[in-house]
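Trainee: If it helps, the file is called my_file_21.cif and holds mmCIF, N, CA and C atoms:
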```cif
data_entry
#
loop_
_atom_site.group_PDB
_atom_site.id
_atom_site.type_symbol
_atom_site.label_atom_id
_atom_site.label_comp_id
_atom_site.auth_asym_id
_atom_site.auth_seq_id
_atom_site.Cartn_x
_atom_site.Cartn_y
_atom_site.Cartn_z
ATOM 1 N N VAL A 831 138.582 111.277 121.243
ATOM 2 C CA VAL A 831 139.635 111.355 122.225
ATOM 3 C C VAL A 831 138.986 111.370 123.596
ATOM 4 N N ILE A 832 139.495 110.532 124.468
ATOM 5 C CA ILE A 832 139.001 110.469 125.841
ATOM 6 C C ILE A 832 140.160 110.786 126.763
ATOM 7 N N ARG A 833 139.974 111.726 127.642
ATOM 8 C CA ARG A 833 140.997 112.076 128.630
ATOM 9 C C ARG A 833 140.613 111.451 129.964
ATOM 10 N N THR A 834 141.601 110.891 130.641
ATOM 11 C CA THR A 834 141.362 110.311 131.962
ATOM 12 C C THR A 834 142.291 110.983 132.967
ATOM 13 N N ASP A 835 141.963 110.811 134.230
ATOM 14 C CA ASP A 835 142.757 111.423 135.294
ATOM 15 C C ASP A 835 143.951 110.582 135.711
ATOM 16 N N SER A 836 143.934 109.290 135.352
ATOM 17 C CA SER A 836 145.018 108.407 135.777
ATOM 18 C C SER A 836 145.117 107.214 134.845
ATOM 19 N N PRO A 837 146.266 106.554 134.821
ATOM 20 C CA PRO A 837 146.395 105.316 134.043
ATOM 21 C C PRO A 837 145.393 104.246 134.474
ATOM 22 N N ALA A 838 145.149 104.132 135.761
ATOM 23 C CA ALA A 838 144.191 103.136 136.258
ATOM 24 C C ALA A 838 142.792 103.414 135.709
ATOM 25 N N GLN A 839 142.418 104.691 135.639
ATOM 26 C CA GLN A 839 141.117 105.053 135.094
ATOM 27 C C GLN A 839 141.053 104.709 133.606
ATOM 28 N N MET A 840 142.154 104.865 132.892
ATOM 29 C CA MET A 840 142.195 104.526 131.473
ATOM 30 C C MET A 840 141.949 103.032 131.262
ATOM 31 N N VAL A 841 142.590 102.207 132.082
ATOM 32 C CA VAL A 841 142.419 100.754 131.968
ATOM 33 C C VAL A 841 140.974 100.376 132.299
ATOM 34 N N GLU A 842 140.413 100.955 133.350
ATOM 35 C CA GLU A 842 139.022 100.665 133.714
ATOM 36 C C GLU A 842 138.065 101.096 132.610
ATOM 37 N N LEU A 843 138.304 102.235 132.013
ATOM 38 C CA LEU A 843 137.479 102.712 130.912
ATOM 39 C C LEU A 843 137.553 101.742 129.738
ATOM 40 N N ALA A 844 138.745 101.270 129.418
ATOM 41 C CA ALA A 844 138.922 100.339 128.303
ATOM 42 C C ALA A 844 138.159 99.035 128.545
ATOM 43 N N LYS A 845 138.044 98.617 129.783
ATOM 44 C CA LYS A 845 137.297 97.388 130.095
ATOM 45 C C LYS A 845 135.828 97.512 129.712
ATOM 46 N N GLY A 846 135.311 98.733 129.644
ATOM 47 C CA GLY A 846 133.919 98.953 129.277
ATOM 48 C C GLY A 846 133.674 99.123 127.793
ATOM 49 N N PHE A 847 134.740 99.115 126.978
ATOM 50 C CA PHE A 847 134.565 99.248 125.530
ATOM 51 C C PHE A 847 133.774 98.078 124.978
ATOM 52 N N GLU A 848 132.966 98.345 123.956
ATOM 53 C CA GLU A 848 132.311 97.275 123.221
ATOM 54 C C GLU A 848 133.327 96.660 122.268
ATOM 55 N N GLY A 849 133.089 95.433 121.868
ATOM 56 C CA GLY A 849 133.980 94.766 120.933
ATOM 57 C C GLY A 849 133.981 95.425 119.569
ATOM 58 N N GLN A 850 135.129 95.429 118.922
ATOM 59 C CA GLN A 850 135.285 95.985 117.582
ATOM 60 C C GLN A 850 136.279 95.133 116.809
ATOM 61 N N LEU A 851 136.439 95.446 115.546
ATOM 62 C CA LEU A 851 137.413 94.722 114.739
ATOM 63 C C LEU A 851 138.833 95.134 115.080
ATOM 64 N N THR A 852 139.043 96.413 115.431
ATOM 65 C CA THR A 852 140.396 96.893 115.687
ATOM 66 C C THR A 852 140.442 97.773 116.928
ATOM 67 N N ALA A 853 141.634 97.863 117.499
ATOM 68 C CA ALA A 853 141.916 98.811 118.575
ATOM 69 C C ALA A 853 143.332 99.316 118.346
ATOM 70 N N THR A 854 143.574 100.587 118.652
ATOM 71 C CA THR A 854 144.880 101.187 118.414
ATOM 72 C C THR A 854 145.389 101.861 119.674
ATOM 73 N N ILE A 855 146.659 101.647 119.959
ATOM 74 C CA ILE A 855 147.347 102.357 121.035
ATOM 75 C C ILE A 855 148.340 103.301 120.371
ATOM 76 N N HIS A 856 148.172 104.596 120.587
ATOM 77 C CA HIS A 856 149.147 105.567 120.099
ATOM 78 C C HIS A 856 150.100 105.838 121.257
ATOM 79 N N MET A 857 151.369 105.540 121.036
ATOM 80 C CA MET A 857 152.312 105.538 122.153
ATOM 81 C C MET A 857 153.727 105.832 121.699
ATOM 82 N N ASP A 858 154.584 106.104 122.667
ATOM 83 C CA ASP A 858 156.025 106.132 122.433
ATOM 84 C C ASP A 858 156.655 105.248 123.518
ATOM 85 N N GLU A 859 157.978 105.179 123.544
ATOM 86 C CA GLU A 859 158.648 104.275 124.474
ATOM 87 C C GLU A 859 158.286 104.556 125.927
ATOM 88 N N GLY A 860 158.029 105.801 126.269
ATOM 89 C CA GLY A 860 157.669 106.149 127.633
ATOM 90 C C GLY A 860 156.306 105.637 128.063
ATOM 91 N N ASP A 861 155.501 105.205 127.103
ATOM 92 C CA ASP A 861 154.157 104.704 127.394
ATOM 93 C C ASP A 861 154.099 103.191 127.516
ATOM 94 N N ALA A 862 155.238 102.508 127.432
ATOM 95 C CA ALA A 862 155.250 101.045 127.393
ATOM 96 C C ALA A 862 154.587 100.421 128.623
ATOM 97 N N GLY A 863 154.808 100.977 129.801
ATOM 98 C CA GLY A 863 154.208 100.413 131.009
ATOM 99 C C GLY A 863 152.693 100.432 130.970
ATOM 100 N N LEU A 864 152.123 101.568 130.582
ATOM 101 C CA LEU A 864 150.670 101.667 130.476
ATOM 102 C C LEU A 864 150.159 100.787 129.338
ATOM 103 N N ALA A 865 150.873 100.757 128.230
ATOM 104 C CA ALA A 865 150.455 99.926 127.103
ATOM 105 C C ALA A 865 150.420 98.456 127.509
ATOM 106 N N ARG A 866 151.368 98.026 128.339
ATOM 107 C CA ARG A 866 151.382 96.651 128.844
ATOM 108 C C ARG A 866 150.121 96.350 129.658
ATOM 109 N N GLN A 867 149.610 97.345 130.362
ATOM 110 C CA GLN A 867 148.374 97.161 131.125
ATOM 111 C C GLN A 867 147.140 97.150 130.215
ATOM 112 N N LEU A 868 147.176 97.953 129.163
ATOM 113 C CA LEU A 868 146.032 98.045 128.251
ATOM 114 C C LEU A 868 145.923 96.860 127.308
ATOM 115 N N LEU A 869 147.043 96.306 126.899
ATOM 116 C CA LEU A 869 147.028 95.260 125.875
ATOM 117 C C LEU A 869 146.147 94.069 126.235
ATOM 118 N N PRO A 870 146.218 93.507 127.454
ATOM 119 C CA PRO A 870 145.336 92.376 127.775
ATOM 120 C C PRO A 870 143.852 92.736 127.710
ATOM 121 N N VAL A 871 143.513 93.984 127.990
ATOM 122 C CA VAL A 871 142.121 94.429 127.900
ATOM 123 C C VAL A 871 141.720 94.537 126.435
ATOM 124 N N LEU A 872 142.554 95.188 125.638
ATOM 125 C CA LEU A 872 142.212 95.423 124.234
ATOM 126 C C LEU A 872 142.199 94.142 123.409
ATOM 127 N N GLU A 873 143.053 93.191 123.736
ATOM 128 C CA GLU A 873 143.067 91.952 122.950
ATOM 129 C C GLU A 873 141.785 91.157 123.136
ATOM 130 N N ARG A 874 141.049 91.438 124.203
ATOM 131 C CA ARG A 874 139.763 90.778 124.421
ATOM 132 C C ARG A 874 138.607 91.565 123.797
ATOM 133 N N LYS A 875 138.893 92.756 123.338
ATOM 134 C CA LYS A 875 137.865 93.620 122.755
ATOM 135 C C LYS A 875 137.930 93.690 121.234
ATOM 136 N N ALA A 876 139.080 93.354 120.644
ATOM 137 C CA ALA A 876 139.263 93.553 119.205
ATOM 138 C C ALA A 876 140.023 92.389 118.592
ATOM 139 N N GLY A 877 139.785 92.167 117.318
ATOM 140 C CA GLY A 877 140.475 91.110 116.591
ATOM 141 C C GLY A 877 141.826 91.530 116.060
ATOM 142 N N ARG A 878 142.089 92.824 116.015
ATOM 143 C CA ARG A 878 143.391 93.329 115.570
ATOM 144 C C ARG A 878 143.737 94.506 116.463
ATOM 145 N N VAL A 879 144.897 94.413 117.115
ATOM 146 C CA VAL A 879 145.362 95.484 117.990
ATOM 147 C C VAL A 879 146.607 96.085 117.356
ATOM 148 N N MET A 880 146.601 97.401 117.179
ATOM 149 C CA MET A 880 147.703 98.082 116.506
ATOM 150 C C MET A 880 148.350 99.105 117.427
ATOM 151 N N ALA A 881 149.576 99.438 117.092
ATOM 152 C CA ALA A 881 150.261 100.548 117.757
ATOM 153 C C ALA A 881 150.670 101.553 116.687
ATOM 154 N N ASN A 882 150.338 102.801 116.946
ATOM 155 C CA ASN A 882 150.769 103.910 116.097
ATOM 156 C C ASN A 882 150.379 103.752 114.637
ATOM 157 N N ASN A 883 149.214 103.178 114.384
ATOM 158 C CA ASN A 883 148.649 103.043 113.039
ATOM 159 C C ASN A 883 147.177 103.406 113.090
ATOM 160 N N PHE A 884 146.565 103.554 111.925
ATOM 161 C CA PHE A 884 145.138 103.813 111.842
ATOM 162 C C PHE A 884 144.494 102.676 111.068
ATOM 163 N N PRO A 885 143.417 102.095 111.608
ATOM 164 C CA PRO A 885 142.742 101.006 110.901
ATOM 165 C C PRO A 885 141.877 101.550 109.769
ATOM 166 N N THR A 886 141.412 100.648 108.950
ATOM 167 C CA THR A 886 140.451 101.033 107.919
ATOM 168 C C THR A 886 139.156 101.433 108.598
ATOM 169 N N GLY A 887 138.379 102.261 107.948
ATOM 170 C CA GLY A 887 137.150 102.786 108.543
ATOM 171 C C GLY A 887 135.965 101.863 108.380
ATOM 172 N N VAL A 888 135.963 100.750 109.080
ATOM 173 C CA VAL A 888 134.881 99.782 108.989
ATOM 174 C C VAL A 888 134.252 99.630 110.366
ATOM 175 N N GLU A 889 132.947 99.762 110.430
ATOM 176 C CA GLU A 889 132.231 99.612 111.695
ATOM 177 C C GLU A 889 131.517 98.268 111.727
ATOM 178 N N VAL A 890 131.454 97.676 112.901
ATOM 179 C CA VAL A 890 130.674 96.455 113.063
ATOM 180 C C VAL A 890 129.215 96.865 113.252
ATOM 181 N N SER A 891 128.423 96.669 112.209
ATOM 182 C CA SER A 891 126.998 97.010 112.276
ATOM 183 C C SER A 891 126.226 96.060 111.369
ATOM 184 N N ASP A 892 124.934 95.920 111.630
ATOM 185 C CA ASP A 892 124.118 95.012 110.825
ATOM 186 C C ASP A 892 124.098 95.412 109.355
ATOM 187 N N ALA A 893 124.220 96.697 109.076
ATOM 188 C CA ALA A 893 124.145 97.174 107.695
ATOM 189 C C ALA A 893 125.445 96.965 106.921
ATOM 190 N N MET A 894 126.530 96.673 107.597
ATOM 191 C CA MET A 894 127.840 96.568 106.953
ATOM 192 C C MET A 894 128.159 95.094 106.701
ATOM 193 N N VAL A 895 127.905 94.631 105.508
ATOM 194 C CA VAL A 895 128.165 93.239 105.141
ATOM 195 C C VAL A 895 128.699 93.218 103.713
ATOM 196 N N HIS A 896 129.705 92.430 103.460
ATOM 197 C CA HIS A 896 130.107 92.165 102.086
ATOM 198 C C HIS A 896 130.803 90.818 102.020
ATOM 199 N N GLY A 897 131.090 90.371 100.863
ATOM 200 C CA GLY A 897 131.725 89.077 100.699
ATOM 201 C C GLY A 897 131.372 88.440 99.381
ATOM 202 N N GLY A 898 130.622 89.139 98.556
ATOM 203 C CA GLY A 898 130.253 88.606 97.263
ATOM 204 C C GLY A 898 128.746 88.563 97.115
ATOM 205 N N PRO A 899 128.293 87.992 95.998
ATOM 206 C CA PRO A 899 126.855 87.926 95.764
ATOM 207 C C PRO A 899 126.173 86.996 96.773
ATOM 208 N N TYR A 900 124.877 87.197 96.957
ATOM 209 C CA TYR A 900 124.101 86.347 97.857
ATOM 210 C C TYR A 900 124.309 84.896 97.449
ATOM 211 N N PRO A 901 124.515 83.954 98.342
ATOM 212 C CA PRO A 901 124.399 84.029 99.787
ATOM 213 C C PRO A 901 125.713 84.353 100.508
ATOM 214 N N ALA A 902 126.790 84.595 99.766
ATOM 215 C CA ALA A 902 128.063 84.863 100.438
ATOM 216 C C ALA A 902 127.977 86.080 101.342
ATOM 217 N N SER A 903 127.160 87.069 100.965
ATOM 218 C CA SER A 903 127.089 88.294 101.759
ATOM 219 C C SER A 903 126.441 88.078 103.118
ATOM 220 N N THR A 904 125.710 86.983 103.286
ATOM 221 C CA THR A 904 125.106 86.685 104.582
ATOM 222 C C THR A 904 125.738 85.462 105.237
ATOM 223 N N ASN A 905 126.826 84.990 104.695
ATOM 224 C CA ASN A 905 127.529 83.830 105.244
ATOM 225 C C ASN A 905 128.673 84.342 106.101
ATOM 226 N N PHE A 906 128.608 84.116 107.426
ATOM 227 C CA PHE A 906 129.627 84.678 108.309
ATOM 228 C C PHE A 906 131.022 84.165 107.978
ATOM 229 N N GLY A 907 131.138 83.052 107.297
ATOM 230 C CA GLY A 907 132.442 82.541 106.901
ATOM 231 C C GLY A 907 133.007 83.247 105.687
ATOM 232 N N ALA A 908 132.193 84.053 105.018
ATOM 233 C CA ALA A 908 132.636 84.721 103.804
ATOM 234 C C ALA A 908 132.729 86.229 103.944
ATOM 235 N N THR A 909 132.074 86.794 104.929
ATOM 236 C CA THR A 909 132.100 88.242 105.068
ATOM 237 C C THR A 909 133.198 88.673 106.031
ATOM 238 N N SER A 910 133.783 89.817 105.776
ATOM 239 C CA SER A 910 134.875 90.292 106.630
ATOM 240 C C SER A 910 134.490 91.529 107.425
ATOM 241 N N VAL A 911 133.262 91.989 107.283
ATOM 242 C CA VAL A 911 132.806 93.147 108.049
ATOM 243 C C VAL A 911 131.376 92.905 108.521
ATOM 244 N N GLY A 912 130.914 93.729 109.422
ATOM 245 C CA GLY A 912 129.550 93.616 109.913
ATOM 246 C C GLY A 912 129.431 92.641 111.067
ATOM 247 N N THR A 913 128.210 92.522 111.575
ATOM 248 C CA THR A 913 128.006 91.682 112.755
ATOM 249 C C THR A 913 128.225 90.207 112.463
ATOM 250 N N LEU A 914 128.021 89.771 111.225
ATOM 251 C CA LEU A 914 128.270 88.370 110.900
ATOM 252 C C LEU A 914 129.758 88.041 110.950
ATOM 253 N N ALA A 915 130.609 89.039 110.777
ATOM 254 C CA ALA A 915 132.051 88.813 110.822
ATOM 255 C C ALA A 915 132.567 88.615 112.240
ATOM 256 N N ILE A 916 131.754 88.965 113.235
ATOM 257 C CA ILE A 916 132.198 88.801 114.616
ATOM 258 C C ILE A 916 132.576 87.352 114.864
ATOM 259 N N ARG A 917 131.750 86.411 114.416
ATOM 260 C CA ARG A 917 132.074 84.994 114.615
ATOM 261 C C ARG A 917 133.313 84.593 113.826
ATOM 262 N N ARG A 918 133.481 85.168 112.653
ATOM 263 C CA ARG A 918 134.632 84.817 111.830
ATOM 264 C C ARG A 918 135.932 85.344 112.434
ATOM 265 N N PHE A 919 135.895 86.535 113.028
ATOM 266 C CA PHE A 919 137.099 87.172 113.534
ATOM 267 C C PHE A 919 137.180 87.172 115.059
ATOM 268 N N LEU A 920 136.470 86.263 115.700
ATOM 269 C CA LEU A 920 136.489 86.217 117.147
ATOM 270 C C LEU A 920 137.879 85.937 117.688
ATOM 271 N N ARG A 921 138.633 85.085 117.043
ATOM 272 C CA ARG A 921 140.008 84.765 117.380
ATOM 273 C C ARG A 921 140.681 84.270 116.121
ATOM 274 N N PRO A 922 141.923 84.326 115.938
ATOM 275 C CA PRO A 922 142.958 84.801 116.844
ATOM 276 C C PRO A 922 143.088 86.316 116.815
ATOM 277 N N VAL A 923 143.890 86.856 117.703
ATOM 278 C CA VAL A 923 144.159 88.284 117.760
ATOM 279 C C VAL A 923 145.453 88.554 117.007
ATOM 280 N N CYS A 924 145.448 89.573 116.190
ATOM 281 C CA CYS A 924 146.639 89.988 115.449
ATOM 282 C C CYS A 924 147.221 91.222 116.127
ATOM 283 N N PHE A 925 148.478 91.176 116.475
ATOM 284 C CA PHE A 925 149.156 92.327 117.056
ATOM 285 C C PHE A 925 149.976 92.978 115.959
ATOM 286 N N GLN A 926 149.567 94.151 115.518
ATOM 287 C CA GLN A 926 150.206 94.828 114.398
ATOM 288 C C GLN A 926 151.036 95.997 114.894
ATOM 289 N N ASN A 927 152.315 95.959 114.629
ATOM 290 C CA ASN A 927 153.222 97.059 114.956
ATOM 291 C C ASN A 927 153.344 97.284 116.462
ATOM 292 N N ILE A 928 153.008 96.266 117.255
ATOM 293 C CA ILE A 928 153.100 96.377 118.714
ATOM 294 C C ILE A 928 154.558 96.135 119.098
ATOM 295 N N PRO A 929 155.172 97.040 119.832
ATOM 296 C CA PRO A 929 156.561 96.822 120.250
ATOM 297 C C PRO A 929 156.698 95.545 121.075
ATOM 298 N N GLY A 930 157.779 94.822 120.850
ATOM 299 C CA GLY A 930 158.026 93.574 121.582
ATOM 300 C C GLY A 930 158.046 93.758 123.089
ATOM 301 N N SER A 931 158.386 94.943 123.541
ATOM 302 C CA SER A 931 158.470 95.189 124.983
ATOM 303 C C SER A 931 157.123 95.169 125.682
ATOM 304 N N ILE A 932 156.029 95.248 124.927
ATOM 305 C CA ILE A 932 154.711 95.218 125.572
ATOM 306 C C ILE A 932 153.877 94.009 125.183
ATOM 307 N N LEU A 933 154.389 93.177 124.287
ATOM 308 C CA LEU A 933 153.647 91.973 123.901
ATOM 309 C C LEU A 933 153.545 91.011 125.076
ATOM 310 N N PRO A 934 152.501 90.183 125.094
ATOM 311 C CA PRO A 934 152.414 89.151 126.137
ATOM 312 C C PRO A 934 153.658 88.262 126.119
ATOM 313 N N ASP A 935 154.092 87.816 127.293
ATOM 314 C CA ASP A 935 155.317 87.040 127.414
ATOM 315 C C ASP A 935 155.326 85.797 126.534
ATOM 316 N N ASP A 936 154.177 85.142 126.352
ATOM 317 C CA ASP A 936 154.160 83.889 125.589
ATOM 318 C C ASP A 936 154.357 84.071 124.088
ATOM 319 N N ILE A 937 154.313 85.306 123.576
ATOM 320 C CA ILE A 937 154.564 85.512 122.147
ATOM 321 C C ILE A 937 155.669 86.522 121.880
ATOM 322 N N ALA A 938 156.201 87.125 122.906
ATOM 323 C CA ALA A 938 157.228 88.150 122.716
ATOM 324 C C ALA A 938 158.537 87.536 122.241
#
```
Would it be possible to restate this file's structure as structure tokens?
Mentor:
Amino acid sequence: VIRTDSPAQMVELAKGFEGQLTATIHMDEGDAGLARQLLPVLERKAGRVMANNFPTGVEVSDAMVHGGPYPASTNFGATSVGTLAIRRFLRPVCFQNIPGSILPDDIA
């Protein structure tokens, strides 16, 4: 949990996040304005952005690879976790459980 002094500080902090497979915004209707500001930042940091959900516990690390027996485990097209999956999941972004009121205009 990270506490910030202002919404602007929260957005700036999010810009410094390293890329991950998922990002989650825990919010209610009163948070829609801030969530609208965070979403463009988070969609560039994660392949799946969720609202009010918890992702599976998978970290992007060199040691985390799966996808079947060798050579599938080292084939970025076959693995769904680890650093090799970064290329596989670079795009598109999946918006899971994101309220329509904060989605980007072109997909809302």
Trainee: Extract, using only N, CA and C atoms, all DNA, RNA and protein residues at most 8 Å from A:Asn882, discarding same-chain residues fewer than 5 positions from it, and format them as number ranges by chain.
Mentor: A: 853-858, 926-928
Trainee: Could you state the separation of atom C of A:Val871 and atom CA of A:Ala838 in Å, given to one decimal place?
Mentor: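 Atom CA of A:Ala838 lies at a distance of 13.3 Å from atom C of A:Val871.
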Trainee: What does the distance from atom N of A:Ile937 to atom CA of A:Ser836 come to in Å, to one decimal?
Mentor: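 Atom CA of A:Ser836 lies at a distance of 27.7 Å from atom N of A:Ile937.
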Trainee: Please report the interatomic distance between atom CA of A:Cys924 and atom CA of A:Thr834 in Å with one decimal.
Mentor: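 Spanning atom CA of A:Cys924 to atom CA of A:Thr834 is a straight-line distance of 26.7 Å.
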Trainee: Considering all atoms listed in the file, can you say which of A:Arg866, A:Lys875, A:Ser931, A:Ile832 comes closest to A:Gly849?
Mentor: A:Lys875
Trainee: Compare A:Val841, A:Ala865, A:Met880, A:Leu872 by their minimum atom-to-atom distance to A:Ile932, counting all atoms listed in the file, and give me the closest one.
Mentor: A:Ala865
Trainee: Around all of stretch 920-935 of chain A's listed atoms, make the axis-aligned box with 3 Å on each side and tell me centre and edge lengths in Å to one decimal, as AutoDock Vina command-line options.
Mentor:
```
--center_x 147.5 --center_y 90.8 --center_z 120.9 --size_x 28.0 --size_y 19.0 --size_z 19.0
```
Trainee: What would the selection look like, as a list of chain:residue names, if the PyMOL selection byres (((chain A and resi 877 and name CA) around 6) and name CA) were run on the coordinates I just shared?
Mentor: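 Going through the file, the PyMOL selection byres (((chain A and resi 877 and name CA) around 6) and name CA) ends up selecting A:Leu851, A:Thr852, A:Ala876, A:Arg878, A:Val923.
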Trainee: Some atoms are absent from stretch 858-867 of chain A, so rebuild all heavy atoms and return them as a PDB file, keeping the file's coordinate frame.
Mentor:
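Wrote result-v5.pdb, looks like this:
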```pdb
ATOM      1  N   ASP A 858     154.584 106.104 122.667  1.00  0.00           N
ATOM      2  CA  ASP A 858     156.025 106.132 122.433  1.00  0.00           C
ATOM      3  C   ASP A 858     156.655 105.248 123.518  1.00  0.00           C
ATOM      4  O   ASP A 858     155.938 104.628 124.306  1.00  0.00           O
ATOM      5  CB  ASP A 858     156.584 107.558 122.418  1.00  0.00           C
ATOM      6  CG  ASP A 858     156.341 108.314 123.711  1.00  0.00           C
ATOM      7  OD1 ASP A 858     156.215 107.687 124.793  1.00  0.00           O
ATOM      8  OD2 ASP A 858     156.295 109.557 123.659  1.00  0.00           O
ATOM      9  N   GLU A 859     157.978 105.179 123.544  1.00  0.00           N
ATOM     10  CA  GLU A 859     158.648 104.275 124.474  1.00  0.00           C
ATOM     11  C   GLU A 859     158.286 104.556 125.927  1.00  0.00           C
ATOM     12  O   GLU A 859     158.218 103.640 126.749  1.00  0.00           O
ATOM     13  CB  GLU A 859     160.160 104.350 124.289  1.00  0.00           C
ATOM     14  CG  GLU A 859     160.625 103.724 122.995  1.00  0.00           C
ATOM     15  CD  GLU A 859     162.126 103.775 122.848  1.00  0.00           C
ATOM     16  OE1 GLU A 859     162.832 103.853 123.872  1.00  0.00           O
ATOM     17  OE2 GLU A 859     162.600 103.730 121.696  1.00  0.00           O
ATOM     18  N   GLY A 860     158.029 105.801 126.269  1.00  0.00           N
ATOM     19  CA  GLY A 860     157.669 106.149 127.633  1.00  0.00           C
ATOM     20  C   GLY A 860     156.306 105.637 128.063  1.00  0.00           C
ATOM     21  O   GLY A 860     155.983 105.634 129.252  1.00  0.00           O
ATOM     22  N   ASP A 861     155.501 105.205 127.103  1.00  0.00           N
ATOM     23  CA  ASP A 861     154.157 104.704 127.394  1.00  0.00           C
ATOM     24  C   ASP A 861     154.099 103.191 127.516  1.00  0.00           C
ATOM     25  O   ASP A 861     153.020 102.618 127.681  1.00  0.00           O
ATOM     26  CB  ASP A 861     153.185 105.137 126.291  1.00  0.00           C
ATOM     27  CG  ASP A 861     153.072 106.639 126.165  1.00  0.00           C
ATOM     28  OD1 ASP A 861     153.018 107.307 127.218  1.00  0.00           O
ATOM     29  OD2 ASP A 861     153.050 107.140 125.026  1.00  0.00           O
ATOM     30  N   ALA A 862     155.238 102.508 127.432  1.00  0.00           N
ATOM     31  CA  ALA A 862     155.250 101.045 127.393  1.00  0.00           C
ATOM     32  C   ALA A 862     154.587 100.421 128.623  1.00  0.00           C
ATOM     33  O   ALA A 862     153.873  99.426 128.511  1.00  0.00           O
ATOM     34  CB  ALA A 862     156.675 100.522 127.239  1.00  0.00           C
ATOM     35  N   GLY A 863     154.808 100.977 129.801  1.00  0.00           N
ATOM     36  CA  GLY A 863     154.208 100.413 131.009  1.00  0.00           C
ATOM     37  C   GLY A 863     152.693 100.432 130.970  1.00  0.00           C
ATOM     38  O   GLY A 863     152.029  99.440 131.284  1.00  0.00           O
ATOM     39  N   LEU A 864     152.123 101.568 130.582  1.00  0.00           N
ATOM     40  CA  LEU A 864     150.670 101.667 130.476  1.00  0.00           C
ATOM     41  C   LEU A 864     150.159 100.787 129.338  1.00  0.00           C
ATOM     42  O   LEU A 864     149.130 100.125 129.468  1.00  0.00           O
ATOM     43  CB  LEU A 864     150.245 103.110 130.266  1.00  0.00           C
ATOM     44  CG  LEU A 864     148.750 103.350 130.081  1.00  0.00           C
ATOM     45  CD1 LEU A 864     147.935 102.774 131.232  1.00  0.00           C
ATOM     46  CD2 LEU A 864     148.480 104.838 129.930  1.00  0.00           C
ATOM     47  N   ALA A 865     150.873 100.757 128.230  1.00  0.00           N
ATOM     48  CA  ALA A 865     150.455  99.926 127.103  1.00  0.00           C
ATOM     49  C   ALA A 865     150.420  98.456 127.509  1.00  0.00           C
ATOM     50  O   ALA A 865     149.541  97.710 127.082  1.00  0.00           O
ATOM     51  CB  ALA A 865     151.385 100.137 125.917  1.00  0.00           C
ATOM     52  N   ARG A 866     151.368  98.026 128.339  1.00  0.00           N
ATOM     53  CA  ARG A 866     151.382  96.651 128.844  1.00  0.00           C
ATOM     54  C   ARG A 866     150.121  96.350 129.658  1.00  0.00           C
ATOM     55  O   ARG A 866     149.624  95.230 129.637  1.00  0.00           O
ATOM     56  CB  ARG A 866     152.616  96.418 129.715  1.00  0.00           C
ATOM     57  CG  ARG A 866     153.558  95.417 129.141  1.00  0.00           C
ATOM     58  CD  ARG A 866     154.748  95.130 130.064  1.00  0.00           C
ATOM     59  NE  ARG A 866     155.949  95.678 129.456  1.00  0.00           N
ATOM     60  CZ  ARG A 866     156.567  96.779 129.849  1.00  0.00           C
ATOM     61  NH1 ARG A 866     156.162  97.446 130.894  1.00  0.00           N
ATOM     62  NH2 ARG A 866     157.629  97.206 129.222  1.00  0.00           N
ATOM     63  N   GLN A 867     149.610  97.345 130.362  1.00  0.00           N
ATOM     64  CA  GLN A 867     148.374  97.161 131.125  1.00  0.00           C
ATOM     65  C   GLN A 867     147.140  97.150 130.215  1.00  0.00           C
ATOM     66  O   GLN A 867     146.180  96.434 130.469  1.00  0.00           O
ATOM     67  CB  GLN A 867     148.214  98.284 132.148  1.00  0.00           C
ATOM     68  CG  GLN A 867     149.262  98.304 133.239  1.00  0.00           C
ATOM     69  CD  GLN A 867     149.095  99.530 134.120  1.00  0.00           C
ATOM     70  OE1 GLN A 867     147.989  99.852 134.548  1.00  0.00           O
ATOM     71  NE2 GLN A 867     150.196 100.228 134.375  1.00  0.00           N
TER      72      GLN A 867
END
```
